[in-house]
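The block underneath contains the structure these notes are about, expressed in structure tokens.
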Amino acid sequence: RKFVYDFSEGNKDLKDLLGGKGANLAEMTNLGLPVPPGFTITTEACKAYLASGEAPSALRDEVGSHLAALEGKMGKKLGQADDPLLVSVRSGAKFSMPGMMDTVLNIGLSDASVEGLAAQAGDERFAWDSYRRLIQMFGDTVLGIDGELFADALETAKNSRGVTTDVDLTADDLRGLVEEFKGIVVRETGREFPQEPREQMDLAIRAVFDSWNGDRAKLYRRQERIPHDLGTAVNVCSMVFGNLGPDSGTGVAFTRDPASGQQGVYGDYLQNAQGEDVVAGIRNTVPLAELEQLDKKSYDELMQIMETLETHYRDLCDIEFTIERGKLWMLQTRVGKRTAAAAFRIATQLVDQGLIDEPEALKRVTGGQLAQLMFPRFDNGAKGEQIGWGIAASPGAAVGKAVFDSYTAIKWSRSGEKVILIRRETNPDDLDGMIAAEGILTSRGGKTSHAAVVARGMGKTCVCGAEELEVDTKRRRLTAPGGAVIDEGDTVSIDGSTGKVYAGEVPVVPSPVVEYFEGRMHAGADDADELVKAVHRIMAYADRVRRLRVRANADNAEDASRARRFGAQGIGLCRTEHMFLGERRELVERLILADTEVERKEALGALLPLQKDDFVELFEAMDGLPVTVRLLDPPLHEFLPDITELSVRVALAESRREPHENELRLLQAVHRLHEQNPMLGLRGVRLGLVIPGLFTMQVRAIAEAAAERIGAKGDPRAEIMIPLVGTVQELEIVREEAEQVIAAVEREHGVELTLALGTMIELPRAALTAGQIAECADFFSFGTNDLTQTVWGFSRDDVEASFFTAYLEKGIFGVSPFETIDKDGVGKLVRDAAAAGRASRPGLKLGVCGEHGGDPDSVHFFHEAGLDYVSCSPFRIPVARLEAGRAAA
Ligand code: PEP
Ligand code: MG
């Protein structure tokens, strides 16, 4: 096995072996771009080291021969006393990992070679500053010394010289500082700073290997779902210096604007500095365009290189470069990160430039980016008083009155106020308050804190971990570092896409992308937003290639119409229980509590016309497209009075000696029907089998509505769906009754109805016996919400607020299985049930209507599992269409 690759030996496709940085350095080298010579130690070497605790024996020799070749090329030896070759040692994994140890510069400097470097550069100050930097970085990252110790010593040196920046320190100052740094090394590690250049290099390489298993790196990988066994590569690169005077400098550049996608000159430049100075923000950078005045030759060359890179990578690239005494060097490039809006614009621009084709354009954007573009945002032109900044945890723009506890949040929102819930951190007790609030702001916790996880789950705007904001929940007051104060009732605005927090009300504008989907903005118009045009084109590509159809979960005509505008091809789930809320709840209560046949018939008779009218409206809104109506499913208690409230009422009446017979009767019934675990109780098909006439009433309403629509020359395509089936026997009974009702309606109305009758697959037993069930079902729709609950044994109402945060922090899963389908467990059941169902009934129509139907990752899974459609909430339809297209592209 070969453990070391010269930059000239690799290429951009070897990221597994050479890491992202190494692969791209090799690619640039082979393109003939000015990359300082060097070599990359492979991830294989790292893996071997991590497995055995020792570097493979061949590695030392291979590094030696590559180093010798490098020394030959450069005409000087590593750390050579009179003219030292210096190198940088940098980690570089397949995926960029900001949490990891990164860089040691100036390896090869020692007491002996620092004078040689001074003589060669003609700059003593530069040489001692470089040595100072080496000991500092090496001490911190390789020897594990607390970086503060070096920073404090540097600060003290500046103070005692009465200067504010390190540029003002003289060569002698720096010489003194080097002595002090070396003293720190001895004190902290019990040994001298290594003077032997090769030893410095080997220790740095080993430290990079070790950093793969550092705590921060491990946590980062768990959160980003990067496998732990990839290892990191190590890049050894000859040093070039941007801090050798005014004709030197360092900068970053983008081949296009990562915020808008526009082509142009974007980047920053810092004269007479090293890359680390830019990151540390020691001095202010100037816009890249100014480099043209400072060094026209290098500027022109850089522009040329940027064009080469864009054409070669066929994408936006970001670049790090250094100019050493008028000579340009490329230190890094990679396909650059970009905003959601830029991703869409760049993808279509590249198609227009002939650099990529349509399927490739689909791969350059994601459903997550489209979802981001659909949130309302703060008006760009409007200025708010920014008082703080936190982590952008859940996107959107929210404005409301500040409240500091959940109780107030609920109380105020009930009286019609919009509120922002502000807490130091949230916990499960805050759940109701979070639901009541427009947005959530916390001063503690990261992207996986309770507030962030729960808010994202609810689609609520959230800014978390705004550490500089002091939250005093007792005094109900938030204090910003600038002195601004927000008291309970003051208006605040939070931006969940940028993390910014404002005092007062910042105007919110709807997303232009939603305006477009709603049909209020036309992509064809001359003045149409560039972004809207790009989204329009990408959506057309997706619709052309996708195989999955996309339906909506909708249960009223308004949602159905919106879903249609957003591109829905039918309704995959109409939850009829949503039609029984509000005033109609009492009718259901009467039905459930009916003691006699007469009472029950009366209750059913009252419900029937209401149901029928609902369906007529729905079928009209979705005329010509399938509408899957699911028969009543929810847990019973949702239709009964609250047990505590009712008990209090009875007790009060008793103590006042008021008549309370009816309440008492009701309370006894509620007690009788009370369930510990209503989600696993009397619901779905069980309810239909226990309460005579309930399902047949619903079937009749559907059939009559369809007949009425046919009479009105409409084209109703109703499908009847039975929930929570566990065995084919349940389905057989319901089916027989339903068929009789449908036949009766056909006779009464003199029409012929084609009403498919299918079932949800949302219990493990249903999935395991899918072959039998398919014999009695015209279609399956996977209810992945209940299937996830029952396969994992997680109560879907409780767990996300209780221990999921801990599970996410521990990396047991990177994302809630209620959000993204658990492919190995729940997904396996889906795949097996699909296969068994189709084996017993060829051509069986298969869909999914759980929350996963609108989740990007899950849509790809359902595409691969061979389902016919996904069904999701109206707002997620564009995302599902796009991801279905991406899956097929
Ligand atoms: C499901 O369980 O996935 C489903 C769609 O049904 P509900 O969420 O209404 O239980
Ligand atoms: Mg369900």
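Here, A, B, ... name the chains of the structure tokens in the order displayed, residue numbers run from 1 inside each chain, and ligands are numbered from 1 in the same displayed order.
These are the residues of range 369-451 of chain A assigned alpha helix (DSSP H) by DSSP from backbone coordinates: Gln369, Leu370, Ala371, Gln372, Leu373, Ser406, Tyr407, Thr408, Ala409, Ile410, Lys411, Trp412, Ser413, Arg414, Leu431, Asp432, Gly433, Met434, Ile435, Ala436, His450 and Ala451 of chain A.
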Keeping only N, CA and C atoms, write the selected residues to a file as a JSON list (two decimals), in the first residue's frame.
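New file out_18.json:
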[["chain", "number", "residue", "atom", "x", "y", "z"],
["A", 369, "GLN", "N", -33.02, 23.49, 1.09],
["A", 369, "GLN", "CA", -32.81, 24.87, 0.63],
["A", 369, "GLN", "C", -34.12, 25.49, 0.15],
["A", 370, "LEU", "N", -34.90, 24.69, -0.58],
["A", 370, "LEU", "CA", -36.19, 25.22, -1.05],
["A", 370, "LEU", "C", -37.08, 25.57, 0.14],
["A", 371, "ALA", "N", -37.07, 24.69, 1.16],
["A", 371, "ALA", "CA", -37.89, 24.95, 2.34],
["A", 371, "ALA", "C", -37.47, 26.27, 3.00],
["A", 372, "GLN", "N", -36.18, 26.50, 3.07],
["A", 372, "GLN", "CA", -35.68, 27.76, 3.65],
["A", 372, "GLN", "C", -36.22, 28.97, 2.89],
["A", 373, "LEU", "N", -36.28, 28.82, 1.57],
["A", 373, "LEU", "CA", -36.72, 29.95, 0.74],
["A", 373, "LEU", "C", -38.22, 30.20, 0.88],
["A", 406, "SER", "N", -43.84, 30.19, 30.25],
["A", 406, "SER", "CA", -44.82, 29.55, 29.39],
["A", 406, "SER", "C", -46.24, 29.93, 29.75],
["A", 407, "TYR", "N", -46.46, 30.09, 31.06],
["A", 407, "TYR", "CA", -47.81, 30.41, 31.51],
["A", 407, "TYR", "C", -48.29, 31.71, 30.85],
["A", 408, "THR", "N", -47.43, 32.72, 30.90],
["A", 408, "THR", "CA", -47.80, 34.01, 30.30],
["A", 408, "THR", "C", -47.94, 33.87, 28.79],
["A", 409, "ALA", "N", -47.05, 33.07, 28.19],
["A", 409, "ALA", "CA", -47.12, 32.88, 26.74],
["A", 409, "ALA", "C", -48.50, 32.35, 26.35],
["A", 410, "ILE", "N", -48.97, 31.37, 27.11],
["A", 410, "ILE", "CA", -50.27, 30.76, 26.79],
["A", 410, "ILE", "C", -51.39, 31.76, 27.03],
["A", 411, "LYS", "N", -51.32, 32.44, 28.20],
["A", 411, "LYS", "CA", -52.38, 33.37, 28.57],
["A", 411, "LYS", "C", -52.50, 34.49, 27.55],
["A", 412, "TRP", "N", -51.37, 35.08, 27.20],
["A", 412, "TRP", "CA", -51.41, 36.20, 26.27],
["A", 412, "TRP", "C", -51.82, 35.77, 24.87],
["A", 413, "SER", "N", -51.34, 34.61, 24.46],
["A", 413, "SER", "CA", -51.68, 34.20, 23.09],
["A", 413, "SER", "C", -53.17, 33.85, 23.00],
["A", 414, "ARG", "N", -53.73, 33.36, 24.12],
["A", 414, "ARG", "CA", -55.18, 33.10, 24.11],
["A", 414, "ARG", "C", -55.96, 34.39, 23.94],
["A", 431, "LEU", "N", -43.21, 23.23, 26.80],
["A", 431, "LEU", "CA", -43.78, 22.83, 25.52],
["A", 431, "LEU", "C", -45.02, 23.63, 25.12],
["A", 432, "ASP", "N", -45.95, 23.75, 26.06],
["A", 432, "ASP", "CA", -47.19, 24.46, 25.72],
["A", 432, "ASP", "C", -46.91, 25.92, 25.40],
["A", 433, "GLY", "N", -45.98, 26.50, 26.14],
["A", 433, "GLY", "CA", -45.61, 27.88, 25.88],
["A", 433, "GLY", "C", -44.98, 28.03, 24.51],
["A", 434, "MET", "N", -44.17, 27.05, 24.13],
["A", 434, "MET", "CA", -43.53, 27.10, 22.81],
["A", 434, "MET", "C", -44.58, 27.00, 21.71],
["A", 435, "ILE", "N", -45.58, 26.17, 21.95],
["A", 435, "ILE", "CA", -46.64, 26.03, 20.95],
["A", 435, "ILE", "C", -47.40, 27.34, 20.81],
["A", 436, "ALA", "N", -47.60, 28.02, 21.94],
["A", 436, "ALA", "CA", -48.39, 29.26, 21.91],
["A", 436, "ALA", "C", -47.61, 30.42, 21.29],
["A", 450, "HIS", "N", -32.79, 21.60, 23.61],
["A", 450, "HIS", "CA", -34.22, 21.30, 23.61],
["A", 450, "HIS", "C", -34.98, 22.30, 22.76],
["A", 451, "ALA", "N", -34.71, 23.58, 22.98],
["A", 451, "ALA", "CA", -35.44, 24.62, 22.25],
["A", 451, "ALA", "C", -35.29, 24.42, 20.74]]
Quiz item: Please, which residues have at least one atom within 9 Å of an atom of ligand 1, using only C-alpha atoms and all ligand atoms, listed as a PyMOL selection string?
Solution: chain A and resi 553+573+575+577+630+633-634+679+684+723-724+760-763+781-789+848-852+871
Quiz item: Nearest to Val650 in chain A among A:Val463, A:Leu667, A:Leu174, A:Val699, with distances taken over only C-alpha atoms: which residue is it?
Solution: A:Leu667
Quiz item: Can you tell me, as a list in words, what residues are no more than 6 Å from range 79-85 of chain A when counting only C-alpha atoms, ignoring any on the same chain fewer than 6 positions away?
Solution: Gly108, Leu109, Ala112, Ser113, Gly116, Leu117 and Pro197 of chain A
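Considering only C-alpha atoms and all ligand atoms, the residue among A:Ala743, A:Val725, A:Ser91, A:Cys317 positioned nearest to ligand 2 is A:Val725.
Relative to CA of Ala437 in chain A, CA of Thr366 in chain A is found at 28.9 Å.
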Quiz item: Which is closest to Phe344 in chain A among A:Gly64, A:Pro635, A:Gly261, A:Gly144, if we use only C-alpha atoms?
Solution: A:Gly261
Practice problem: Enumerate, as JSON, numbers by chain, the complete set of residues in range 370-519 of chain A that a backbone-based DSSP assignment places in strand (DSSP E or B). | Solution: {"A": [377, 378, 385, 386, 387, 388, 389, 391, 392, 393, 394, 397, 398, 399, 400, 401, 402, 403, 419, 420, 421, 422, 423, 439, 440, 441, 442, 461, 462, 463, 464, 470, 471, 472, 477, 478, 479, 485, 486, 487, 491, 492, 493, 494, 495, 500, 501, 502, 503, 508, 509]}
Take the selection from the previous step and output its residues with N, CA and C atoms, as a short mmCIF file (atom, residue, chain, number, x, y, z; two decimals), in the first residue's frame.
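Printed below is part11.cif as written:
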data_model
loop_
_atom_site.label_atom_id
_atom_site.label_comp_id
_atom_site.auth_asym_id
_atom_site.auth_seq_id
_atom_site.Cartn_x
_atom_site.Cartn_y
_atom_site.Cartn_z
N ARG A 377 -39.61 36.33 5.59
CA ARG A 377 -38.36 36.85 6.14
C ARG A 377 -38.53 38.33 6.44
N PHE A 378 -37.56 38.86 7.16
CA PHE A 378 -37.61 40.29 7.45
C PHE A 378 -37.32 41.07 6.17
N GLU A 385 -33.32 47.63 15.27
CA GLU A 385 -32.21 47.83 16.19
C GLU A 385 -31.75 46.47 16.68
N GLN A 386 -30.62 46.01 16.11
CA GLN A 386 -30.13 44.69 16.49
C GLN A 386 -29.51 44.76 17.88
N ILE A 387 -29.97 43.89 18.77
CA ILE A 387 -29.43 43.94 20.12
C ILE A 387 -28.63 42.69 20.46
N GLY A 388 -28.64 41.70 19.58
CA GLY A 388 -27.88 40.50 19.92
C GLY A 388 -27.91 39.51 18.78
N TRP A 389 -27.23 38.42 19.03
CA TRP A 389 -27.02 37.45 17.98
C TRP A 389 -26.90 36.08 18.62
N ILE A 391 -27.68 31.52 17.76
CA ILE A 391 -27.57 30.47 16.75
C ILE A 391 -28.88 30.40 15.97
N ALA A 392 -28.77 30.39 14.64
CA ALA A 392 -29.96 30.30 13.80
C ALA A 392 -30.46 28.86 13.86
N ALA A 393 -31.40 28.58 14.74
CA ALA A 393 -31.74 27.19 15.04
C ALA A 393 -32.92 26.68 14.24
N SER A 394 -33.86 27.53 13.91
CA SER A 394 -35.02 27.10 13.15
C SER A 394 -35.52 28.33 12.37
N ALA A 397 -39.08 34.28 10.37
CA ALA A 397 -39.00 35.59 10.99
C ALA A 397 -40.18 35.70 11.94
N ALA A 398 -39.93 36.04 13.18
CA ALA A 398 -41.02 36.10 14.15
C ALA A 398 -40.98 37.42 14.92
N VAL A 399 -42.15 37.99 15.12
CA VAL A 399 -42.28 39.25 15.85
C VAL A 399 -43.34 39.06 16.93
N GLY A 400 -43.10 39.56 18.12
CA GLY A 400 -44.12 39.45 19.15
C GLY A 400 -43.69 40.12 20.44
N LYS A 401 -44.58 40.07 21.41
CA LYS A 401 -44.27 40.66 22.70
C LYS A 401 -43.46 39.69 23.54
N ALA A 402 -42.47 40.22 24.22
CA ALA A 402 -41.60 39.38 25.03
C ALA A 402 -42.36 38.82 26.22
N VAL A 403 -42.26 37.49 26.41
CA VAL A 403 -42.75 36.87 27.64
C VAL A 403 -41.65 35.94 28.14
N VAL A 419 -46.67 36.42 20.80
CA VAL A 419 -45.61 36.50 21.80
C VAL A 419 -44.35 35.76 21.34
N ILE A 420 -43.23 36.25 21.86
CA ILE A 420 -41.95 35.55 21.70
C ILE A 420 -41.58 35.02 23.08
N LEU A 421 -41.40 33.72 23.18
CA LEU A 421 -41.05 33.13 24.48
C LEU A 421 -39.53 33.24 24.67
N ILE A 422 -39.12 33.93 25.71
CA ILE A 422 -37.70 34.11 25.98
C ILE A 422 -37.34 33.35 27.26
N ARG A 423 -36.40 32.45 27.14
CA ARG A 423 -35.98 31.65 28.29
C ARG A 423 -34.46 31.55 28.29
N GLY A 439 -42.35 32.59 18.26
CA GLY A 439 -40.95 32.20 18.13
C GLY A 439 -40.34 32.04 19.50
N ILE A 440 -39.15 31.44 19.53
CA ILE A 440 -38.50 31.12 20.79
C ILE A 440 -37.08 31.66 20.76
N LEU A 441 -36.70 32.29 21.87
CA LEU A 441 -35.34 32.83 21.98
C LEU A 441 -34.74 32.33 23.28
N THR A 442 -33.54 31.72 23.20
CA THR A 442 -32.88 31.30 24.43
C THR A 442 -31.46 31.85 24.45
N THR A 461 -40.05 29.43 14.44
CA THR A 461 -38.81 30.20 14.40
C THR A 461 -38.10 30.12 15.75
N CYS A 462 -36.79 29.89 15.71
CA CYS A 462 -36.06 29.81 16.98
C CYS A 462 -34.63 30.33 16.83
N VAL A 463 -34.24 31.17 17.77
CA VAL A 463 -32.84 31.57 17.91
C VAL A 463 -32.42 31.08 19.28
N CYS A 464 -31.34 30.29 19.34
CA CYS A 464 -30.94 29.79 20.64
C CYS A 464 -29.50 30.19 20.93
N GLU A 470 -28.57 38.67 28.49
CA GLU A 470 -28.79 38.17 29.84
C GLU A 470 -30.29 38.04 30.08
N VAL A 471 -30.72 36.82 30.38
CA VAL A 471 -32.15 36.59 30.58
C VAL A 471 -32.42 36.44 32.07
N ASP A 472 -33.23 37.34 32.60
CA ASP A 472 -33.58 37.27 34.00
C ASP A 472 -35.08 36.97 34.08
N ARG A 477 -37.00 40.19 32.37
CA ARG A 477 -36.24 41.22 31.67
C ARG A 477 -35.07 40.59 30.94
N LEU A 478 -34.81 41.12 29.76
CA LEU A 478 -33.65 40.70 28.99
C LEU A 478 -32.75 41.93 28.83
N THR A 479 -31.46 41.73 29.11
CA THR A 479 -30.52 42.85 28.99
C THR A 479 -29.47 42.52 27.94
N VAL A 485 -32.65 47.13 26.95
CA VAL A 485 -33.41 46.31 27.88
C VAL A 485 -34.76 45.97 27.26
N ILE A 486 -35.14 44.70 27.36
CA ILE A 486 -36.47 44.29 26.91
C ILE A 486 -37.23 43.79 28.13
N ASP A 487 -38.31 44.44 28.45
CA ASP A 487 -39.14 43.98 29.56
C ASP A 487 -40.33 43.20 29.02
N THR A 491 -41.92 44.69 22.43
CA THR A 491 -41.88 43.91 21.19
C THR A 491 -40.44 43.57 20.81
N VAL A 492 -40.25 42.30 20.43
CA VAL A 492 -38.95 41.87 19.90
C VAL A 492 -39.17 41.14 18.59
N SER A 493 -38.12 41.12 17.75
CA SER A 493 -38.16 40.42 16.48
C SER A 493 -36.96 39.49 16.42
N ILE A 494 -37.19 38.25 16.02
CA ILE A 494 -36.06 37.32 15.91
C ILE A 494 -36.03 36.70 14.52
N ASP A 495 -34.82 36.54 14.01
CA ASP A 495 -34.62 35.99 12.67
C ASP A 495 -33.97 34.62 12.79
N LYS A 500 -30.26 36.70 14.24
CA LYS A 500 -30.25 38.07 14.76
C LYS A 500 -31.49 38.35 15.62
N VAL A 501 -31.27 39.15 16.66
CA VAL A 501 -32.34 39.53 17.58
C VAL A 501 -32.47 41.06 17.56
N TYR A 502 -33.69 41.54 17.37
CA TYR A 502 -33.91 42.98 17.29
C TYR A 502 -34.88 43.44 18.37
N ALA A 503 -34.66 44.67 18.83
CA ALA A 503 -35.66 45.31 19.69
C ALA A 503 -36.70 45.93 18.77
N VAL A 508 -42.12 42.19 8.28
CA VAL A 508 -41.91 40.87 7.68
C VAL A 508 -42.52 40.87 6.28
N VAL A 509 -41.80 40.28 5.32
CA VAL A 509 -42.37 40.15 3.98
C VAL A 509 -42.55 38.67 3.65
#
Self-check item: All residues 9 Å or closer to Phe241 in chain A, only C-alpha atoms, same chain fewer than 5 positions away omitted, as a list of chain:residue names
Solution: A:Ser248, A:Gly249, A:Thr250, A:Asn272, A:Ala273, A:Gln274, A:Thr322, A:Ile323, A:Glu324, A:Arg325
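Using only C-alpha atoms for every distance, the candidate list A:Asp16, A:Glu658, A:Glu819, A:Asp6 yields A:Asp6 as the residue closest to Thr29 in chain A.
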Quiz prompt | Polymer residues at most 7 Å from range 182-193 of chain A, only C-alpha atoms, same-chain spacing of 4 or more positions, as a VMD selection string | solution = chain A and resid 139 145 178
Quiz item: For ligand 2, which residue out of A:Gln353, A:Val734, A:Cys574, A:Arg886 is the nearest one, using only C-alpha atoms and all ligand atoms?
Solution: A:Cys574
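Each of A:His749, A:Trp212, A:Gly814, A:Leu631 was compared to ligand 2 using only C-alpha atoms and all ligand atoms, and A:Leu631 turns out to be the nearest.
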